[in-house]
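Structure first, then comments.
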Amino acid sequence: MSKLVLKQEILEQEQYILKCKNLLQKQFVHKNPVCYVHSYGCQGNVADGEKIKGMLSKMGYGFSDKAEGSDMVIFNTCAVREKAQNRVLGNLGMLIHYKDKNPNMIIGLCGCMVQQEHVANKIKKRFLGVNLVFGTHVLHKLPEMVYKILEGQKRVYDTTESDGVIAEGLPIVRDSKFKASVPISYGCNNFCTYCIVPYVRGRERSRDMDVVYNEVKDLVKSGCKEITLLGQNVNSYGNDLDSNVNFSKLLREINDIDGDFRIRFMTSHPKDATKELIDTMASCEKVCKHLHLPVQCGSDKILKAMNRKYNTKQYMEIVNYAREKMPNISFTSDIIVGFPGETYEDFKLTLELVKKVKYSSLFMFIYSPRKGTKAELMDDFIPKEEKSKWLMELIDCQNDISEMAHDEYVGNIEKVLFDDISKTNEGMLSGWTDSHLVVECKCDKIKVGEFADVLITKAHRMALIGELTTK
Ligand code: 5AD
Ligand code: SF4
């Protein structure tokens, strides 16, 4: 069966968008309806949130940056760790309170969290004020679901299980005009033993290369300066396609698009990070010299238990090869502390690896058991407090490394894409180097959304400080 949602089904949803628009125009005579969409978790989920906004915008909804006072609130949830789920449930409690004041408020929950059957059932039973619950595989049917609610149905639930589909042609309201995420694949086939993603996002499926290429080309034409190609494992892009494509080929094609923009990608599974990928990065001038290469752990025993399919020697080989080809490349990573069976000796191997690689920054997590995964059934003897201590030790170690890595930038001239006003240094803009470090700088003649060459004059642990050298 084709993974692509039929054009006919997308057209049907467009009809529902028009029907919703008509109903909303009748319901809201003196003002436009307003919606608050909040996406939790990874960039892939944020990209889904932009499609949700796209569909709602076509119905006539405007957008608010807060739930209070909105006519519709949608939480696009994450299930990767317990903490993320608890945050949603806490915020949901608050929403129900707002709904007491505005009983017509429509509350929707979607994304990975509700794709888990036990969570969807819990919401159904305990949160009667939630009108709309839809899983990751039916996102494109949002217009039909909203229509049912606007017609008076109290609750609409669709958490259909599926290996996953690809819905092309959905409208998108992007959060930024100059930085955009473009999914190149959905789902995951890797089944790392701790991870819920393959269960809630279905099997890995790649978007057609021409479709991705054209989306990037249009974004560049509209002035976009940074494109991030997204997938749970971008390195296996194309494995499921008949055509003879792979991620390196896609990168090269996108690199050839005319325009002043840069290309990032995530996530790169180390088991599929090939020399071809590194050579491609090195030879494509628009591809940022930054590799997010989640190692998860520095112990081969634990990597095996995690089903990561590489060992630390293979990981270091790819790191070293990349450094040889691109001496200025920076690495970032994800690390899980306290996986079942992990001892302090194993953890020390993680510290060692972190010191060897010298990541510019790290995302560090305490292992969170996820229902239905293999690791959930593994014996886990280390108490939470002990794991927290290990995490603190890792954070301290990485802080020292980040500081040293930042120091090395002083005196460099870096091309920076400014994307915000600095929150810590008044009168400065904040932006990102090619290697994905934050730079803050006084920018009289540069605006948010522009590139500039910056001389790095100071280094702090969290950011670099610089002066404009151009304009
Ligand atoms: N517990 C803790 N961290 C997890 N991650 C994924 N699943 C879990 C879990 N059960 C982390 C991994 C992954 C990142 C996105 O989230 O490090 O790379
Ligand atoms: Fe989860 Fe592993 Fe797939 Fe990443 S590669 S989404 S960690 S199963």
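Ordered as shown in the structure tokens, chains take letters A, B, and onward, while each chain numbers its residues from 1 and ligands are numbered from 1 in the order shown.
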Give me, as a PDB file with C-alpha atoms, in the first residue's frame, the set of residues whose atoms come within 7 Å of any atom of ligand 2, counting only C-alpha atoms and all ligand atoms.
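Produced file selection13.pdb, reproduced below:
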```pdb
ATOM      1  CA  CYS A 188      11.889   5.392  12.626  1.00  0.00           C
ATOM      2  CA  ASN A 189      12.917   1.766  12.121  1.00  0.00           C
ATOM      3  CA  ASN A 190      15.690   1.585  14.659  1.00  0.00           C
ATOM      4  CA  PHE A 191      13.920   0.579  17.845  1.00  0.00           C
ATOM      5  CA  CYS A 192      16.561   1.769  20.280  1.00  0.00           C
ATOM      6  CA  CYS A 195      12.761   4.933  22.736  1.00  0.00           C
ATOM      7  CA  ILE A 196       9.030   5.367  22.195  1.00  0.00           C
ATOM      8  CA  VAL A 197       9.376   7.128  18.817  1.00  0.00           C
ATOM      9  CA  PRO A 198       9.082   4.067  16.534  1.00  0.00           C
ATOM     10  CA  GLN A 232      14.711  10.766  13.078  1.00  0.00           C
ATOM     11  CA  ASN A 233      17.664   9.433  11.117  1.00  0.00           C
ATOM     12  CA  HIS A 269      22.380   8.150  13.574  1.00  0.00           C
TER      13      HIS A 269
END
```
Long-range neighbours of Asp346 in chain A as an mmCIF file with N, CA, C and O atoms, in the first residue's frame, 10 Å cut-off, only C-alpha atoms, 3 positions minimum in chain:
```cif
data_model
loop_
_atom_site.group_PDB
_atom_site.id
_atom_site.type_symbol
_atom_site.label_atom_id
_atom_site.label_comp_id
_atom_site.auth_asym_id
_atom_site.auth_seq_id
_atom_site.Cartn_x
_atom_site.Cartn_y
_atom_site.Cartn_z
ATOM 1 N N CYS A 297 25.781 7.116 24.960
ATOM 2 C CA CYS A 297 26.497 6.495 26.065
ATOM 3 C C CYS A 297 27.912 6.148 25.622
ATOM 4 O O CYS A 297 28.141 5.927 24.430
ATOM 5 N N GLY A 298 28.854 6.086 26.563
ATOM 6 C CA GLY A 298 30.238 5.773 26.187
ATOM 7 C C GLY A 298 30.651 4.348 26.524
ATOM 8 O O GLY A 298 31.826 4.005 26.428
ATOM 9 N N SER A 299 29.684 3.521 26.936
ATOM 10 C CA SER A 299 30.016 2.127 27.286
ATOM 11 C C SER A 299 29.474 1.194 26.208
ATOM 12 O O SER A 299 28.275 1.222 25.893
ATOM 13 N N ASP A 300 30.352 0.352 25.681
ATOM 14 C CA ASP A 300 29.906 -0.558 24.621
ATOM 15 C C ASP A 300 28.844 -1.539 25.111
ATOM 16 O O ASP A 300 27.938 -1.900 24.371
ATOM 17 N N LYS A 301 28.982 -1.924 26.387
ATOM 18 C CA LYS A 301 27.983 -2.856 26.946
ATOM 19 C C LYS A 301 26.582 -2.206 26.911
ATOM 20 O O LYS A 301 25.607 -2.819 26.489
ATOM 21 N N ILE A 302 26.538 -0.942 27.320
ATOM 22 C CA ILE A 302 25.236 -0.256 27.370
ATOM 23 C C ILE A 302 24.744 0.081 25.954
ATOM 24 O O ILE A 302 23.546 -0.020 25.661
ATOM 25 N N VAL A 337 21.706 9.188 30.755
ATOM 26 C CA VAL A 337 22.406 8.754 31.967
ATOM 27 C C VAL A 337 21.488 7.815 32.737
ATOM 28 O O VAL A 337 20.302 8.110 32.899
ATOM 29 N N GLY A 338 22.052 6.689 33.201
ATOM 30 C CA GLY A 338 21.269 5.801 34.078
ATOM 31 C C GLY A 338 20.378 4.837 33.334
ATOM 32 O O GLY A 338 19.293 4.483 33.824
ATOM 33 N N PHE A 339 20.831 4.366 32.173
ATOM 34 C CA PHE A 339 20.085 3.328 31.457
ATOM 35 C C PHE A 339 20.102 2.053 32.319
ATOM 36 O O PHE A 339 21.066 1.823 33.057
ATOM 37 N N GLY A 341 20.929 -1.193 34.014
ATOM 38 C CA GLY A 341 22.156 -1.999 33.968
ATOM 39 C C GLY A 341 23.420 -1.164 33.939
ATOM 40 O O GLY A 341 24.522 -1.692 34.078
ATOM 41 N N GLU A 342 23.289 0.141 33.780
ATOM 42 C CA GLU A 342 24.473 0.999 33.723
ATOM 43 C C GLU A 342 25.072 1.134 35.133
ATOM 44 O O GLU A 342 24.355 1.408 36.095
ATOM 45 N N THR A 343 26.383 0.941 35.223
ATOM 46 C CA THR A 343 27.065 1.102 36.506
ATOM 47 C C THR A 343 27.850 2.418 36.467
ATOM 48 O O THR A 343 27.971 3.040 35.404
ATOM 49 N N LEU A 349 32.932 5.782 31.525
ATOM 50 C CA LEU A 349 33.323 5.654 30.111
ATOM 51 C C LEU A 349 32.638 6.739 29.271
ATOM 52 O O LEU A 349 33.200 7.244 28.297
ATOM 53 N N THR A 350 31.412 7.104 29.666
ATOM 54 C CA THR A 350 30.727 8.201 28.969
ATOM 55 C C THR A 350 31.506 9.503 29.178
ATOM 56 O O THR A 350 31.754 10.252 28.226
ATOM 57 N N LEU A 351 31.912 9.748 30.433
ATOM 58 C CA LEU A 351 32.696 10.961 30.708
ATOM 59 C C LEU A 351 33.964 10.996 29.854
ATOM 60 O O LEU A 351 34.311 12.023 29.280
ATOM 61 N N GLU A 352 34.614 9.834 29.782
ATOM 62 C CA GLU A 352 35.856 9.758 28.996
ATOM 63 C C GLU A 352 35.613 10.104 27.535
ATOM 64 O O GLU A 352 36.360 10.859 26.926
#
```
List all protein, DNA and RNA residues that have at least one atom no more than 6 Å from any atom of ligand 1, counting only C-alpha atoms and all ligand atoms, and write them as a PDB file with all heavy atoms, in the first residue's frame.
```pdb
ATOM      1  N   VAL A  80       8.688  11.537  24.510  1.00  0.00           N
ATOM      2  CA  VAL A  80      10.025  10.948  24.613  1.00  0.00           C
ATOM      3  C   VAL A  80      10.430  10.679  26.065  1.00  0.00           C
ATOM      4  O   VAL A  80      11.049   9.677  26.370  1.00  0.00           O
ATOM      5  CB  VAL A  80      11.051  11.825  23.870  1.00  0.00           C
ATOM      6  CG1 VAL A  80      12.470  11.478  24.256  1.00  0.00           C
ATOM      7  CG2 VAL A  80      10.897  11.611  22.379  1.00  0.00           C
ATOM      8  N   ARG A  81      10.073  11.591  26.956  1.00  0.00           N
ATOM      9  CA  ARG A  81      10.374  11.378  28.372  1.00  0.00           C
ATOM     10  C   ARG A  81       9.131  11.689  29.215  1.00  0.00           C
ATOM     11  O   ARG A  81       8.307  12.507  28.825  1.00  0.00           O
ATOM     12  CB  ARG A  81      11.541  12.267  28.831  1.00  0.00           C
ATOM     13  CG  ARG A  81      12.901  11.744  28.430  1.00  0.00           C
ATOM     14  CD  ARG A  81      13.997  12.761  28.642  1.00  0.00           C
ATOM     15  NE  ARG A  81      13.819  13.913  27.778  1.00  0.00           N
ATOM     16  CZ  ARG A  81      14.241  13.985  26.531  1.00  0.00           C
ATOM     17  NH1 ARG A  81      14.867  12.985  25.985  1.00  0.00           N
ATOM     18  NH2 ARG A  81      14.018  15.062  25.812  1.00  0.00           N
ATOM     19  N   TYR A 194      15.224   2.064  24.484  1.00  0.00           N
ATOM     20  CA  TYR A 194      14.636   3.023  25.429  1.00  0.00           C
ATOM     21  C   TYR A 194      13.566   3.894  24.775  1.00  0.00           C
ATOM     22  O   TYR A 194      12.850   4.623  25.450  1.00  0.00           O
ATOM     23  CB  TYR A 194      15.733   3.965  25.981  1.00  0.00           C
ATOM     24  CG  TYR A 194      16.581   4.584  24.882  1.00  0.00           C
ATOM     25  CD1 TYR A 194      16.132   5.684  24.176  1.00  0.00           C
ATOM     26  CD2 TYR A 194      17.807   4.031  24.530  1.00  0.00           C
ATOM     27  CE1 TYR A 194      16.886   6.226  23.137  1.00  0.00           C
ATOM     28  CE2 TYR A 194      18.566   4.559  23.503  1.00  0.00           C
ATOM     29  CZ  TYR A 194      18.092   5.650  22.805  1.00  0.00           C
ATOM     30  OH  TYR A 194      18.819   6.165  21.779  1.00  0.00           O
ATOM     31  N   CYS A 195      13.434   3.841  23.443  1.00  0.00           N
ATOM     32  CA  CYS A 195      12.761   4.933  22.736  1.00  0.00           C
ATOM     33  C   CYS A 195      11.334   4.610  22.302  1.00  0.00           C
ATOM     34  O   CYS A 195      11.053   3.553  21.725  1.00  0.00           O
ATOM     35  CB  CYS A 195      13.606   5.306  21.506  1.00  0.00           C
ATOM     36  SG  CYS A 195      12.988   6.766  20.676  1.00  0.00           S
ATOM     37  N   PRO A 294      24.195  11.891  18.016  1.00  0.00           N
ATOM     38  CA  PRO A 294      23.897  11.404  19.373  1.00  0.00           C
ATOM     39  C   PRO A 294      24.579  10.085  19.689  1.00  0.00           C
ATOM     40  O   PRO A 294      24.325   9.084  19.028  1.00  0.00           O
ATOM     41  CB  PRO A 294      22.371  11.229  19.359  1.00  0.00           C
ATOM     42  CG  PRO A 294      21.895  12.090  18.245  1.00  0.00           C
ATOM     43  CD  PRO A 294      22.977  12.030  17.207  1.00  0.00           C
ATOM     44  N   GLN A 296      24.657   8.775  22.916  1.00  0.00           N
ATOM     45  CA  GLN A 296      23.802   8.237  23.990  1.00  0.00           C
ATOM     46  C   GLN A 296      24.602   7.723  25.194  1.00  0.00           C
ATOM     47  O   GLN A 296      24.179   7.900  26.322  1.00  0.00           O
ATOM     48  CB  GLN A 296      22.869   7.109  23.503  1.00  0.00           C
ATOM     49  CG  GLN A 296      22.054   7.422  22.260  1.00  0.00           C
ATOM     50  CD  GLN A 296      21.074   8.576  22.411  1.00  0.00           C
ATOM     51  OE1 GLN A 296      20.939   9.165  23.478  1.00  0.00           O
ATOM     52  NE2 GLN A 296      20.396   8.946  21.333  1.00  0.00           N
ATOM     53  N   ASP A 334      23.480  13.770  22.113  1.00  0.00           N
ATOM     54  CA  ASP A 334      22.507  13.470  23.175  1.00  0.00           C
ATOM     55  C   ASP A 334      23.096  12.360  24.031  1.00  0.00           C
ATOM     56  O   ASP A 334      23.697  11.427  23.490  1.00  0.00           O
ATOM     57  CB  ASP A 334      21.196  12.928  22.586  1.00  0.00           C
ATOM     58  CG  ASP A 334      20.484  13.920  21.699  1.00  0.00           C
ATOM     59  OD1 ASP A 334      20.786  15.121  21.786  1.00  0.00           O
ATOM     60  OD2 ASP A 334      19.621  13.487  20.910  1.00  0.00           O
ATOM     61  N   ILE A 335      22.907  12.479  25.333  1.00  0.00           N
ATOM     62  CA  ILE A 335      23.409  11.439  26.238  1.00  0.00           C
ATOM     63  C   ILE A 335      22.314  11.049  27.224  1.00  0.00           C
ATOM     64  O   ILE A 335      21.625  11.922  27.772  1.00  0.00           O
ATOM     65  CB  ILE A 335      24.646  11.935  27.025  1.00  0.00           C
ATOM     66  CG1 ILE A 335      25.734  12.326  26.033  1.00  0.00           C
ATOM     67  CG2 ILE A 335      25.086  10.895  28.069  1.00  0.00           C
ATOM     68  CD1 ILE A 335      27.071  11.752  26.176  1.00  0.00           C
ATOM     69  N   ILE A 336      22.154   9.765  27.396  1.00  0.00           N
ATOM     70  CA  ILE A 336      21.215   9.262  28.410  1.00  0.00           C
ATOM     71  C   ILE A 336      22.031   8.716  29.576  1.00  0.00           C
ATOM     72  O   ILE A 336      22.944   7.911  29.380  1.00  0.00           O
ATOM     73  CB  ILE A 336      20.320   8.147  27.830  1.00  0.00           C
ATOM     74  CG1 ILE A 336      19.444   8.705  26.701  1.00  0.00           C
ATOM     75  CG2 ILE A 336      19.459   7.531  28.921  1.00  0.00           C
ATOM     76  CD1 ILE A 336      18.584   7.662  26.009  1.00  0.00           C
ATOM     77  N   PHE A 365      20.189  13.700  29.455  1.00  0.00           N
ATOM     78  CA  PHE A 365      18.917  13.279  30.040  1.00  0.00           C
ATOM     79  C   PHE A 365      19.126  12.116  30.993  1.00  0.00           C
ATOM     80  O   PHE A 365      19.972  11.262  30.747  1.00  0.00           O
ATOM     81  CB  PHE A 365      17.955  12.789  28.947  1.00  0.00           C
ATOM     82  CG  PHE A 365      17.889  13.675  27.741  1.00  0.00           C
ATOM     83  CD1 PHE A 365      18.553  13.330  26.566  1.00  0.00           C
ATOM     84  CD2 PHE A 365      17.164  14.854  27.765  1.00  0.00           C
ATOM     85  CE1 PHE A 365      18.495  14.137  25.446  1.00  0.00           C
ATOM     86  CE2 PHE A 365      17.098  15.667  26.647  1.00  0.00           C
ATOM     87  CZ  PHE A 365      17.764  15.316  25.479  1.00  0.00           C
ATOM     88  N   ILE A 366      18.287  12.090  32.026  1.00  0.00           N
ATOM     89  CA  ILE A 366      18.227  10.874  32.835  1.00  0.00           C
ATOM     90  C   ILE A 366      17.272   9.922  32.131  1.00  0.00           C
ATOM     91  O   ILE A 366      16.222  10.347  31.614  1.00  0.00           O
ATOM     92  CB  ILE A 366      17.731  11.193  34.263  1.00  0.00           C
ATOM     93  CG1 ILE A 366      18.814  11.993  34.995  1.00  0.00           C
ATOM     94  CG2 ILE A 366      17.390   9.907  35.019  1.00  0.00           C
ATOM     95  CD1 ILE A 366      18.487  12.305  36.433  1.00  0.00           C
ATOM     96  N   TYR A 367      17.631   8.658  32.084  1.00  0.00           N
ATOM     97  CA  TYR A 367      16.790   7.652  31.429  1.00  0.00           C
ATOM     98  C   TYR A 367      15.371   7.678  32.008  1.00  0.00           C
ATOM     99  O   TYR A 367      15.178   7.714  33.219  1.00  0.00           O
ATOM    100  CB  TYR A 367      17.414   6.262  31.608  1.00  0.00           C
ATOM    101  CG  TYR A 367      16.451   5.166  31.280  1.00  0.00           C
ATOM    102  CD1 TYR A 367      16.051   4.930  29.971  1.00  0.00           C
ATOM    103  CD2 TYR A 367      15.903   4.365  32.294  1.00  0.00           C
ATOM    104  CE1 TYR A 367      15.139   3.938  29.678  1.00  0.00           C
ATOM    105  CE2 TYR A 367      14.991   3.367  32.006  1.00  0.00           C
ATOM    106  CZ  TYR A 367      14.612   3.164  30.697  1.00  0.00           C
ATOM    107  OH  TYR A 367      13.690   2.192  30.408  1.00  0.00           O
ATOM    108  N   SER A 368      14.410   7.675  31.113  1.00  0.00           N
ATOM    109  CA  SER A 368      13.010   7.705  31.516  1.00  0.00           C
ATOM    110  C   SER A 368      12.305   6.476  30.921  1.00  0.00           C
ATOM    111  O   SER A 368      12.230   6.339  29.696  1.00  0.00           O
ATOM    112  CB  SER A 368      12.398   9.012  30.973  1.00  0.00           C
ATOM    113  OG  SER A 368      11.016   9.020  31.074  1.00  0.00           O
ATOM    114  N   PRO A 369      11.842   5.566  31.762  1.00  0.00           N
ATOM    115  CA  PRO A 369      11.218   4.346  31.221  1.00  0.00           C
ATOM    116  C   PRO A 369       9.957   4.678  30.428  1.00  0.00           C
ATOM    117  O   PRO A 369       9.128   5.470  30.885  1.00  0.00           O
ATOM    118  CB  PRO A 369      10.840   3.551  32.478  1.00  0.00           C
ATOM    119  CG  PRO A 369      11.525   4.211  33.615  1.00  0.00           C
ATOM    120  CD  PRO A 369      11.814   5.620  33.228  1.00  0.00           C
ATOM    121  N   ARG A 370       9.822   4.103  29.234  1.00  0.00           N
ATOM    122  CA  ARG A 370       8.642   4.345  28.409  1.00  0.00           C
ATOM    123  C   ARG A 370       7.862   3.053  28.230  1.00  0.00           C
ATOM    124  O   ARG A 370       8.438   2.027  27.810  1.00  0.00           O
ATOM    125  CB  ARG A 370       9.019   4.904  27.014  1.00  0.00           C
ATOM    126  CG  ARG A 370       9.952   6.076  27.001  1.00  0.00           C
ATOM    127  CD  ARG A 370       9.601   7.208  27.952  1.00  0.00           C
ATOM    128  NE  ARG A 370       8.373   7.918  27.665  1.00  0.00           N
ATOM    129  CZ  ARG A 370       7.480   8.240  28.593  1.00  0.00           C
ATOM    130  NH1 ARG A 370       7.661   7.861  29.849  1.00  0.00           N
ATOM    131  NH2 ARG A 370       6.404   8.919  28.273  1.00  0.00           N
TER     132      ARG A 370
END
```
Spatial neighbours of Val220 in chain A, 9 Å, only C-alpha atoms, chain gap at least 3 places, as a CSV table (one decimal) with C-alpha atoms, in the first residue's frame:
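Result file follows (result_36.csv):
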```csv
chain,number,residue,atom,x,y,z
A,178,PHE,CA,14.3,33.1,7.5
A,215,GLU,CA,10.1,23.0,-1.1
A,216,VAL,CA,13.6,24.1,-0.2
A,217,LYS,CA,13.9,26.0,-3.5
A,223,GLY,CA,14.2,34.8,1.4
A,224,CYS,CA,14.8,31.9,3.8
A,225,LYS,CA,18.4,31.9,5.1
A,226,GLU,CA,18.7,28.6,6.9
A,227,ILE,CA,17.1,25.3,6.1
A,257,ILE,CA,20.3,25.6,-5.3
A,258,ASP,CA,21.3,29.3,-6.0
A,259,GLY,CA,21.1,31.7,-3.1
A,260,ASP,CA,22.7,32.9,0.1
A,261,PHE,CA,21.5,30.3,2.6
```
(request) Give me the residues within 8 Å of range 129-139 of chain A as number ranges by chain, counting only C-alpha atoms and dropping any in the same chain fewer than 4 places off. (result) A: 48, 52, 96, 99, 106-112, 114-115, 120, 123-124, 145-146, 149, 154-162, 164-165, 200-201
(request) Find the distance between CA of Gly169 in chain A and CA of Leu11 in chain A and write it in Å to one decimal. (result)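 According to the coordinates, CA of Gly169 in chain A and CA of Leu11 in chain A are separated by 9.6 Å.
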(request) Please identify all polymer residues within 7 Å of range 396-406 of chain A, counting only C-alpha atoms, omitting same-chain residues fewer than 2 positions from it, and present them as JSON, numbers by chain. (result) {"A": [358, 360, 361, 392, 393, 394, 408, 409, 459, 460, 461, 464]}
Since we have the selection now, will you write its residues out, keeping C-alpha atoms, as a PDB file, in the first residue's frame?
```
ATOM      1  CA  LYS A 358      35.024  17.708  23.046  1.00  0.00           C
ATOM      2  CA  SER A 360      30.552  22.116  21.789  1.00  0.00           C
ATOM      3  CA  SER A 361      27.344  21.348  23.691  1.00  0.00           C
ATOM      4  CA  MET A 392      25.362  16.691  37.551  1.00  0.00           C
ATOM      5  CA  GLU A 393      28.860  15.277  37.126  1.00  0.00           C
ATOM      6  CA  LEU A 394      28.332  15.076  33.375  1.00  0.00           C
ATOM      7  CA  GLU A 408      39.070  28.733  20.869  1.00  0.00           C
ATOM      8  CA  TYR A 409      36.778  30.978  18.856  1.00  0.00           C
ATOM      9  CA  ALA A 459      33.828  33.795  25.062  1.00  0.00           C
ATOM     10  CA  HIS A 460      31.376  32.848  27.785  1.00  0.00           C
ATOM     11  CA  ARG A 461      30.192  29.374  28.584  1.00  0.00           C
ATOM     12  CA  LEU A 464      30.318  34.193  22.219  1.00  0.00           C
TER      13      LEU A 464
END
```
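If only C-alpha atoms are the atoms counted, then among A:Gly231, A:Lys355, A:Ala180, A:Leu362 the closest residue to Gly449 in chain A is A:Ala180.
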